[in-house]
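Heads up, protein-v3.pdb below (PDB, C-alpha atoms and all ligand atoms):
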```
MODEL        1
ATOM      1  CA  MET F 460     115.087 111.979 119.744  1.00  0.00           C
ATOM      2  CA  ASN F 461     111.545 111.338 118.639  1.00  0.00           C
ATOM      3  CA  PRO F 462     109.634 113.877 116.536  1.00  0.00           C
ATOM      4  CA  ALA F 463     107.533 115.067 119.512  1.00  0.00           C
ATOM      5  CA  THR F 464     110.677 116.038 121.437  1.00  0.00           C
ATOM      6  CA  HIS F 465     112.157 117.740 118.374  1.00  0.00           C
ATOM      7  CA  PHE F 466     108.898 119.619 117.877  1.00  0.00           C
ATOM      8  CA  LEU F 467     108.739 120.874 121.474  1.00  0.00           C
ATOM      9  CA  THR F 468     112.426 121.846 121.435  1.00  0.00           C
ATOM     10  CA  GLY F 469     111.924 123.766 118.194  1.00  0.00           C
ATOM     11  CA  TRP F 470     108.910 125.498 119.704  1.00  0.00           C
ATOM     12  CA  LEU F 471     110.882 126.564 122.783  1.00  0.00           C
ATOM     13  CA  ILE F 472     113.677 127.970 120.593  1.00  0.00           C
ATOM     14  CA  ALA F 473     111.006 129.857 118.627  1.00  0.00           C
ATOM     15  CA  ASN F 474     109.931 131.446 121.907  1.00  0.00           C
ATOM     16  CA  VAL F 475     113.249 132.827 123.134  1.00  0.00           C
ATOM     17  CA  ASP F 476     112.070 136.178 121.811  1.00  0.00           C
ATOM     18  CA  HIS F 477     108.686 137.633 120.875  1.00  0.00           C
ATOM     19  CA  LEU F 478     108.438 136.522 117.262  1.00  0.00           C
ATOM     20  CA  GLU F 479     105.332 136.760 115.139  1.00  0.00           C
ATOM     21  CA  ARG F 480     103.201 133.701 114.439  1.00  0.00           C
ATOM     22  CA  ARG F 481     104.704 132.803 111.054  1.00  0.00           C
ATOM     23  CA  ASP F 482     108.290 133.292 112.271  1.00  0.00           C
ATOM     24  CA  ARG F 483     107.607 131.027 115.245  1.00  0.00           C
ATOM     25  CA  ALA F 484     106.219 128.384 112.893  1.00  0.00           C
ATOM     26  CA  LEU F 485     109.336 128.545 110.671  1.00  0.00           C
ATOM     27  CA  VAL F 486     111.688 128.089 113.645  1.00  0.00           C
ATOM     28  CA  THR F 487     109.589 125.240 115.092  1.00  0.00           C
ATOM     29  CA  LEU F 488     109.365 123.405 111.764  1.00  0.00           C
ATOM     30  CA  ALA F 489     113.140 123.704 111.267  1.00  0.00           C
ATOM     31  CA  GLY F 490     113.513 121.629 114.433  1.00  0.00           C
ATOM     32  CA  VAL F 491     111.290 118.791 113.272  1.00  0.00           C
ATOM     33  CA  ILE F 492     111.436 118.762 109.462  1.00  0.00           C
ATOM     34  CA  PRO F 493     114.742 116.840 109.170  1.00  0.00           C
ATOM     35  CA  ASP F 494     112.762 113.771 110.268  1.00  0.00           C
ATOM     36  CA  ALA F 495     110.066 114.302 107.657  1.00  0.00           C
ATOM     37  CA  ASP F 496     111.910 111.825 105.464  1.00  0.00           C
ATOM     38  CA  GLY F 497     109.920 109.309 107.496  1.00  0.00           C
ATOM     39  CA  LEU F 498     107.339 110.305 104.903  1.00  0.00           C
ATOM     40  CA  GLY F 499     109.270 107.939 102.656  1.00  0.00           C
ATOM     41  CA  ILE F 500     107.518 105.131 104.532  1.00  0.00           C
ATOM     42  CA  LEU F 501     104.114 106.649 103.809  1.00  0.00           C
ATOM     43  CA  THR F 502     105.027 107.071 100.175  1.00  0.00           C
ATOM     44  CA  GLY F 503     106.012 103.437 100.128  1.00  0.00           C
ATOM     45  CA  ILE F 504     102.706 102.370 101.679  1.00  0.00           C
ATOM     46  CA  ALA F 505     100.802 104.579  99.271  1.00  0.00           C
ATOM     47  CA  SER F 506     102.473 102.944  96.315  1.00  0.00           C
ATOM     48  CA  GLN F 507     101.815  99.529  97.947  1.00  0.00           C
ATOM     49  CA  ASP F 508     105.514  98.941  98.085  1.00  0.00           C
ATOM     50  CA  GLN F 509     106.230  99.319 101.775  1.00  0.00           C
ATOM     51  CA  GLY F 510     109.506  97.435 101.561  1.00  0.00           C
ATOM     52  CA  ALA F 511     110.936 100.030  99.224  1.00  0.00           C
ATOM     53  CA  GLY F 512     109.775 102.844 101.505  1.00  0.00           C
ATOM     54  CA  LEU F 513     111.377 101.261 104.561  1.00  0.00           C
ATOM     55  CA  TYR F 514     114.522 100.511 102.618  1.00  0.00           C
ATOM     56  CA  LEU F 515     114.861 104.121 101.504  1.00  0.00           C
ATOM     57  CA  TYR F 516     114.152 105.289 105.048  1.00  0.00           C
ATOM     58  CA  GLY F 517     116.876 103.015 106.430  1.00  0.00           C
ATOM     59  CA  GLN F 518     119.329 104.146 103.794  1.00  0.00           C
ATOM     60  CA  TYR F 519     118.743 107.863 103.879  1.00  0.00           C
ATOM     61  CA  HIS F 520     117.306 108.813 107.243  1.00  0.00           C
ATOM     62  CA  HIS F 521     119.855 111.009 109.051  1.00  0.00           C
ATOM     63  CA  VAL F 522     121.544 111.674 105.724  1.00  0.00           C
ATOM     64  CA  LEU F 523     119.355 113.575 103.254  1.00  0.00           C
ATOM     65  CA  ALA F 524     118.004 116.131 105.714  1.00  0.00           C
ATOM     66  CA  HIS F 525     120.665 115.943 108.418  1.00  0.00           C
ATOM     67  CA  ASN F 526     123.498 117.924 106.852  1.00  0.00           C
ATOM     68  CA  VAL F 527     124.637 121.533 106.754  1.00  0.00           C
ATOM     69  CA  PHE F 528     123.368 122.092 103.211  1.00  0.00           C
ATOM     70  CA  PHE F 529     119.840 121.141 104.165  1.00  0.00           C
ATOM     71  CA  GLY F 530     120.258 123.500 107.144  1.00  0.00           C
ATOM     72  CA  LEU F 531     121.238 126.322 104.784  1.00  0.00           C
ATOM     73  CA  LEU F 532     118.209 125.542 102.603  1.00  0.00           C
ATOM     74  CA  LEU F 533     116.012 125.868 105.683  1.00  0.00           C
ATOM     75  CA  ALA F 534     117.755 129.129 106.593  1.00  0.00           C
ATOM     76  CA  ALA F 535     117.119 130.522 103.092  1.00  0.00           C
ATOM     77  CA  THR F 536     113.453 129.490 103.343  1.00  0.00           C
ATOM     78  CA  GLY F 537     113.253 131.102 106.785  1.00  0.00           C
ATOM     79  CA  TYR F 538     114.828 134.281 105.443  1.00  0.00           C
ATOM     80  CA  ALA F 539     112.427 134.410 102.481  1.00  0.00           C
ATOM     81  CA  PHE F 540     109.219 133.925 104.463  1.00  0.00           C
ATOM     82  CA  SER F 541     109.888 135.549 107.844  1.00  0.00           C
ATOM     83  CA  LYS F 542     109.109 139.031 109.083  1.00  0.00           C
ATOM     84  CA  LYS F 543     111.957 139.507 111.577  1.00  0.00           C
ATOM     85  CA  LYS F 544     114.428 138.143 109.028  1.00  0.00           C
ATOM     86  CA  GLY F 545     117.758 138.290 110.853  1.00  0.00           C
ATOM     87  CA  LEU F 546     116.570 136.796 114.124  1.00  0.00           C
ATOM     88  CA  THR F 547     114.299 134.194 112.523  1.00  0.00           C
ATOM     89  CA  THR F 548     117.023 132.984 110.144  1.00  0.00           C
ATOM     90  CA  PHE F 549     119.438 132.642 113.054  1.00  0.00           C
ATOM     91  CA  LEU F 550     116.869 130.743 115.144  1.00  0.00           C
ATOM     92  CA  VAL F 551     116.000 128.473 112.181  1.00  0.00           C
ATOM     93  CA  LEU F 552     119.681 127.500 111.964  1.00  0.00           C
ATOM     94  CA  LEU F 553     119.864 127.043 115.735  1.00  0.00           C
ATOM     95  CA  SER F 554     116.693 124.938 115.795  1.00  0.00           C
ATOM     96  CA  PHE F 555     118.022 122.728 112.986  1.00  0.00           C
ATOM     97  CA  HIS F 556     121.373 122.221 114.730  1.00  0.00           C
ATOM     98  CA  ILE F 557     119.740 121.458 118.084  1.00  0.00           C
ATOM     99  CA  HIS F 558     117.866 118.716 116.189  1.00  0.00           C
ATOM    100  CA  LEU F 559     121.189 117.282 114.980  1.00  0.00           C
ATOM    101  CA  LEU F 560     122.605 117.531 118.495  1.00  0.00           C
ATOM    102  CA  GLY F 561     119.558 115.703 119.883  1.00  0.00           C
ATOM    103  CA  ASP F 562     120.086 112.898 117.381  1.00  0.00           C
ATOM    104  CA  ILE F 563     123.798 112.657 118.203  1.00  0.00           C
ATOM    105  CA  LEU F 564     123.000 112.466 121.935  1.00  0.00           C
ATOM    106  CA  SER F 565     120.166 109.995 121.730  1.00  0.00           C
ATOM    107  CA  GLY F 566     119.790 108.194 118.430  1.00  0.00           C
ATOM    108  CA  ARG F 567     121.153 104.779 119.451  1.00  0.00           C
ATOM    109  CA  GLY F 568     119.124 101.914 117.998  1.00  0.00           C
ATOM    110  CA  PRO F 569     117.672  99.026 120.054  1.00  0.00           C
ATOM    111  CA  ASP F 570     120.442  96.793 118.719  1.00  0.00           C
ATOM    112  CA  GLY F 571     123.098  99.190 120.017  1.00  0.00           C
ATOM    113  CA  THR F 572     124.050 100.787 116.702  1.00  0.00           C
ATOM    114  CA  ILE F 573     125.199 104.392 116.975  1.00  0.00           C
ATOM    115  CA  TRP F 574     123.580 106.899 114.622  1.00  0.00           C
ATOM    116  CA  THR F 575     126.079 109.097 112.879  1.00  0.00           C
ATOM    117  CA  ILE F 576     125.425 112.432 111.196  1.00  0.00           C
ATOM    118  CA  SER F 577     126.928 112.980 107.738  1.00  0.00           C
ATOM    119  CA  TYR F 578     127.208 116.706 108.338  1.00  0.00           C
ATOM    120  CA  LEU F 579     128.866 117.522 105.009  1.00  0.00           C
ATOM    121  CA  PHE F 580     126.799 115.110 102.852  1.00  0.00           C
ATOM    122  CA  PRO F 581     126.864 114.942  99.833  1.00  0.00           C
ATOM    123  CA  VAL F 582     130.162 116.816  99.426  1.00  0.00           C
ATOM    124  CA  LEU F 583     132.335 114.989 101.952  1.00  0.00           C
ATOM    125  CA  THR F 584     130.562 111.757 102.834  1.00  0.00           C
ATOM    126  CA  ASP F 585     133.307 110.438 105.127  1.00  0.00           C
ATOM    127  CA  VAL F 586     132.850 113.252 107.664  1.00  0.00           C
ATOM    128  CA  GLN F 587     130.705 111.583 110.344  1.00  0.00           C
ATOM    129  CA  LEU F 588     129.612 113.137 113.629  1.00  0.00           C
ATOM    130  CA  SER F 589     128.824 110.756 116.452  1.00  0.00           C
ATOM    131  CA  TRP F 590     129.219 110.266 120.190  1.00  0.00           C
ATOM    132  CA  SER F 591     130.153 106.971 121.818  1.00  0.00           C
ATOM    133  CA  GLY F 592     128.004 107.733 124.890  1.00  0.00           C
ATOM    134  CA  GLN F 593     124.887 108.046 122.737  1.00  0.00           C
ATOM    135  CA  TRP F 594     121.799 106.761 124.549  1.00  0.00           C
ATOM    136  CA  GLU F 595     118.812 104.947 123.101  1.00  0.00           C
ATOM    137  CA  LEU F 596     115.792 106.653 121.603  1.00  0.00           C
ATOM    138  CA  ASN F 597     113.526 105.473 124.443  1.00  0.00           C
ATOM    139  CA  ALA F 598     116.073 105.882 127.286  1.00  0.00           C
ATOM    140  CA  TRP F 599     115.187 107.843 130.434  1.00  0.00           C
ATOM    141  CA  PRO F 600     117.074 111.074 129.554  1.00  0.00           C
ATOM    142  CA  ASN F 601     114.753 111.472 126.565  1.00  0.00           C
ATOM    143  CA  VAL F 602     111.719 110.965 128.780  1.00  0.00           C
ATOM    144  CA  VAL F 603     113.023 113.615 131.205  1.00  0.00           C
ATOM    145  CA  ILE F 604     113.872 116.082 128.403  1.00  0.00           C
ATOM    146  CA  THR F 605     110.468 115.576 126.759  1.00  0.00           C
ATOM    147  CA  ALA F 606     108.594 116.009 130.064  1.00  0.00           C
ATOM    148  CA  ALA F 607     110.584 119.159 130.906  1.00  0.00           C
ATOM    149  CA  ALA F 608     109.987 120.621 127.427  1.00  0.00           C
ATOM    150  CA  LEU F 609     106.279 119.864 127.701  1.00  0.00           C
ATOM    151  CA  LEU F 610     105.986 121.511 131.137  1.00  0.00           C
ATOM    152  CA  LEU F 611     107.833 124.601 129.923  1.00  0.00           C
ATOM    153  CA  THR F 612     105.605 124.717 126.822  1.00  0.00           C
ATOM    154  CA  LEU F 613     102.459 124.573 128.988  1.00  0.00           C
ATOM    155  CA  TYR F 614     103.841 127.250 131.303  1.00  0.00           C
ATOM    156  CA  LEU F 615     104.621 129.542 128.355  1.00  0.00           C
ATOM    157  CA  ALA F 616     101.154 128.946 126.901  1.00  0.00           C
ATOM    158  CA  TRP F 617      99.561 129.819 130.250  1.00  0.00           C
ATOM    159  CA  ARG F 618     101.719 132.898 130.619  1.00  0.00           C
ATOM    160  CA  ARG F 619     101.954 134.262 127.052  1.00  0.00           C
ATOM    161  CA  GLY F 620      98.566 133.199 125.758  1.00  0.00           C
ATOM    162  CA  PHE F 621      99.562 130.890 122.899  1.00  0.00           C
ATOM    163  CA  SER F 622     100.662 127.271 122.568  1.00  0.00           C
ATOM    164  CA  PRO F 623     102.113 125.222 119.670  1.00  0.00           C
ATOM    165  CA  VAL F 624      98.507 124.662 118.515  1.00  0.00           C
ATOM    166  CA  ASN F 625      98.730 128.307 117.392  1.00  0.00           C
ATOM    167  CA  ILE F 626     100.881 127.172 114.437  1.00  0.00           C
ATOM    168  CA  PHE F 627      97.924 125.235 113.031  1.00  0.00           C
ATOM    169  CA  SER F 628      94.842 127.115 114.279  1.00  0.00           C
ATOM    170  CA  VAL F 629      94.497 130.383 116.185  1.00  0.00           C
ATOM    171  CA  LYS F 630      90.955 129.489 117.247  1.00  0.00           C
ATOM    172  CA  ALA F 631      91.800 126.026 118.586  1.00  0.00           C
ATOM    173  CA  ASP F 632      94.794 127.560 120.349  1.00  0.00           C
ATOM    174  CA  GLN F 633      92.601 130.087 122.146  1.00  0.00           C
ATOM    175  CA  ALA F 634      90.478 127.197 123.446  1.00  0.00           C
ATOM    176  CA  VAL F 635      93.623 125.415 124.710  1.00  0.00           C
ATOM    177  CA  VAL F 636      94.879 128.527 126.502  1.00  0.00           C
ATOM    178  CA  ALA F 637      91.436 129.253 127.979  1.00  0.00           C
ATOM    179  CA  ALA F 638      91.264 125.684 129.332  1.00  0.00           C
ATOM    180  CA  LEU F 639      94.758 125.997 130.821  1.00  0.00           C
ATOM    181  CA  ARG F 640      94.004 129.319 132.473  1.00  0.00           C
ATOM    182  CA  SER F 641      90.700 128.161 133.935  1.00  0.00           C
ATOM    183  CA  ARG F 642      92.410 125.039 135.326  1.00  0.00           C
ATOM    184  CA  PHE F 643      95.272 127.083 136.775  1.00  0.00           C
ATOM    185  CA  PRO F 644      93.965 130.561 137.605  1.00  0.00           C
ATOM    186  CA  GLY F 645      96.875 132.842 138.284  1.00  0.00           C
TER     187      GLY F 645
HETATM  188 ZN    ZN G   1     116.607 113.509 113.107  1.00  0.00          ZN
ENDMDL
END
```
Target format structure tokens, applied to this file:
Amino acid sequence: MNPATHFLTGWLIANVDHLERRDRALVTLAGVIPDADGLGILTGIASQDQGAGLYLYGQYHHVLAHNVFFGLLLAATGYAFSKKKGLTTFLVLLSFHIHLLGDILSGRGPDGTIWTISYLFPVLTDVQLSWSGQWELNAWPNVVITAAALLLTLYLAWRRGFSPVNIFSVKADQAVVAALRSRFPG
């Protein structure tokens, strides 16, 4: 799945209960951060060596941050920084694993290659999770899932009074919610 879908899914998991702002942010980020190794490309561009960045991305995407040990690292971070520790740590782990599931369902490349998840990397590198029915990144199920997640996110923002913008700015978020509520008075 693309980062936007992962982000929205993480946000929805963060909203299954009434968590505080920071706890919601931790759960949401756990759903999207495994793909932050795309930053390798930016690093490559920054060092004017884009080829190396892309090479590293190709080699290590879905490996470095897509295994249970990275998930446990996220859980420990969630535990350290959250307020509702038990629930937030659990939801961080859930959010991370839903990301992996999303990739297993829909990570097929344009050339038909199936993405596999090295769940026990780097301890047992031959354990690979994959699904033969895996659809492509831009296939219609992803469009439907993304649209549904977006609608649910907007509904929650309208109803609860905060949107994912809240992670980055409380003030900007209030403007978003005010605009939503004036467009759809309830
Ligand atoms: Zn991923």
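Each of F:Leu532, F:Val486, F:Val475, F:Ile573 was checked against Leu596 in chain F using all atoms listed in the file; the smallest atom-to-atom distance is that of F:Ile573.
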Requested in this report: Determine the residue set returned by the PyMOL selection byres (((not hetatm)) within 8 of (chain G and resi 1)) for the present structure, and present it as an MDAnalysis selection string.
Outcome: chainID F and resid 460:462 491 493:494 520:521 524:525 558:559 561:562
Requested in this report: Give me the result of the PyMOL selection byres (((chain F and resi 485) around 10) and not hetatm) on this file, residue by residue, as a VMD selection string.
Outcome: chain F and resid 469 to 470 473 480 to 484 486 to 490 533 to 534 536 to 538 540 to 541 547 to 548 550 to 551 554 626
Store the residues of this selection in a file with C-alpha atoms, as a CSV table (one decimal), in the frame of the given file.
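Wrote selection24.csv, looks like this:
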```csv
chain,number,residue,atom,x,y,z
F,469,GLY,CA,111.9,123.8,118.2
F,470,TRP,CA,108.9,125.5,119.7
F,473,ALA,CA,111.0,129.9,118.6
F,480,ARG,CA,103.2,133.7,114.4
F,481,ARG,CA,104.7,132.8,111.1
F,482,ASP,CA,108.3,133.3,112.3
F,483,ARG,CA,107.6,131.0,115.2
F,484,ALA,CA,106.2,128.4,112.9
F,486,VAL,CA,111.7,128.1,113.6
F,487,THR,CA,109.6,125.2,115.1
F,488,LEU,CA,109.4,123.4,111.8
F,489,ALA,CA,113.1,123.7,111.3
F,490,GLY,CA,113.5,121.6,114.4
F,533,LEU,CA,116.0,125.9,105.7
F,534,ALA,CA,117.8,129.1,106.6
F,536,THR,CA,113.5,129.5,103.3
F,537,GLY,CA,113.3,131.1,106.8
F,538,TYR,CA,114.8,134.3,105.4
F,540,PHE,CA,109.2,133.9,104.5
F,541,SER,CA,109.9,135.5,107.8
F,547,THR,CA,114.3,134.2,112.5
F,548,THR,CA,117.0,133.0,110.1
F,550,LEU,CA,116.9,130.7,115.1
F,551,VAL,CA,116.0,128.5,112.2
F,554,SER,CA,116.7,124.9,115.8
F,626,ILE,CA,100.9,127.2,114.4
```
Contacts of Thr572 in chain F at 12 Å or less, counting all atoms listed in the file, minus same-chain residues fewer than 2 places along, as a PDB file with C-alpha atoms, in the frame of the given file?
```
ATOM      1  CA  ILE F 563     123.798 112.657 118.203  1.00  0.00           C
ATOM      2  CA  SER F 565     120.166 109.995 121.730  1.00  0.00           C
ATOM      3  CA  GLY F 566     119.790 108.194 118.430  1.00  0.00           C
ATOM      4  CA  ARG F 567     121.153 104.779 119.451  1.00  0.00           C
ATOM      5  CA  GLY F 568     119.124 101.914 117.998  1.00  0.00           C
ATOM      6  CA  PRO F 569     117.672  99.026 120.054  1.00  0.00           C
ATOM      7  CA  ASP F 570     120.442  96.793 118.719  1.00  0.00           C
ATOM      8  CA  TRP F 574     123.580 106.899 114.622  1.00  0.00           C
ATOM      9  CA  THR F 575     126.079 109.097 112.879  1.00  0.00           C
ATOM     10  CA  SER F 589     128.824 110.756 116.452  1.00  0.00           C
ATOM     11  CA  TRP F 590     129.219 110.266 120.190  1.00  0.00           C
ATOM     12  CA  SER F 591     130.153 106.971 121.818  1.00  0.00           C
ATOM     13  CA  GLY F 592     128.004 107.733 124.890  1.00  0.00           C
ATOM     14  CA  GLN F 593     124.887 108.046 122.737  1.00  0.00           C
ATOM     15  CA  TRP F 594     121.799 106.761 124.549  1.00  0.00           C
ATOM     16  CA  GLU F 595     118.812 104.947 123.101  1.00  0.00           C
ATOM     17  CA  LEU F 596     115.792 106.653 121.603  1.00  0.00           C
TER      18      LEU F 596
END
```
Starting from the shown file, work through the PyMOL selection byres (((chain F and resi 612) around 10) and not hetatm) and note down what comes out as a PDB file with C-alpha atoms, in the coordinates of the input.
```pdb
ATOM      1  CA  LEU F 467     108.739 120.874 121.474  1.00  0.00           C
ATOM      2  CA  THR F 468     112.426 121.846 121.435  1.00  0.00           C
ATOM      3  CA  TRP F 470     108.910 125.498 119.704  1.00  0.00           C
ATOM      4  CA  LEU F 471     110.882 126.564 122.783  1.00  0.00           C
ATOM      5  CA  ASN F 474     109.931 131.446 121.907  1.00  0.00           C
ATOM      6  CA  ALA F 606     108.594 116.009 130.064  1.00  0.00           C
ATOM      7  CA  ALA F 607     110.584 119.159 130.906  1.00  0.00           C
ATOM      8  CA  ALA F 608     109.987 120.621 127.427  1.00  0.00           C
ATOM      9  CA  LEU F 609     106.279 119.864 127.701  1.00  0.00           C
ATOM     10  CA  LEU F 610     105.986 121.511 131.137  1.00  0.00           C
ATOM     11  CA  LEU F 611     107.833 124.601 129.923  1.00  0.00           C
ATOM     12  CA  LEU F 613     102.459 124.573 128.988  1.00  0.00           C
ATOM     13  CA  TYR F 614     103.841 127.250 131.303  1.00  0.00           C
ATOM     14  CA  LEU F 615     104.621 129.542 128.355  1.00  0.00           C
ATOM     15  CA  ALA F 616     101.154 128.946 126.901  1.00  0.00           C
ATOM     16  CA  TRP F 617      99.561 129.819 130.250  1.00  0.00           C
ATOM     17  CA  ARG F 618     101.719 132.898 130.619  1.00  0.00           C
ATOM     18  CA  PHE F 621      99.562 130.890 122.899  1.00  0.00           C
ATOM     19  CA  SER F 622     100.662 127.271 122.568  1.00  0.00           C
ATOM     20  CA  PRO F 623     102.113 125.222 119.670  1.00  0.00           C
TER      21      PRO F 623
END
```
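CA of Leu564 in chain F sits 13.7 Å away from CA of Val603 in chain F.
Note that CA of Ile472 in chain F and CA of Arg619 in chain F are 14.8 Å apart.
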Report task. Rounded to one decimal place, report the CA of Leu639 in chain F-CA of Asn625 in chain F distance in Å. Result -> 14.2 Å
Centre and size of axis-aligned box enclosing range 530-541 of chain F plus 8 Å each side, as AutoDock Vina command-line options:
```
--center_x 115.2 --center_y 129.5 --center_z 105.2 --size_x 28.0 --size_y 28.0 --size_z 21.4
```
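Residue nearest His477 in chain F, chosen from F:Leu546, F:Ala495, F:Leu523, F:Ala637 and counting only C-alpha atoms: F:Leu546.
Nearest residue to Thr464 in chain F among F:Asn526, F:Ile557, F:Val586, F:Tyr519 is F:Ile557, counting only C-alpha atoms.
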Query raised in the report: Which one is closest to Phe555 in chain F: F:Ala634, F:Gly571, F:Phe466, F:Gln587? Count only C-alpha atoms.
Result: F:Phe466
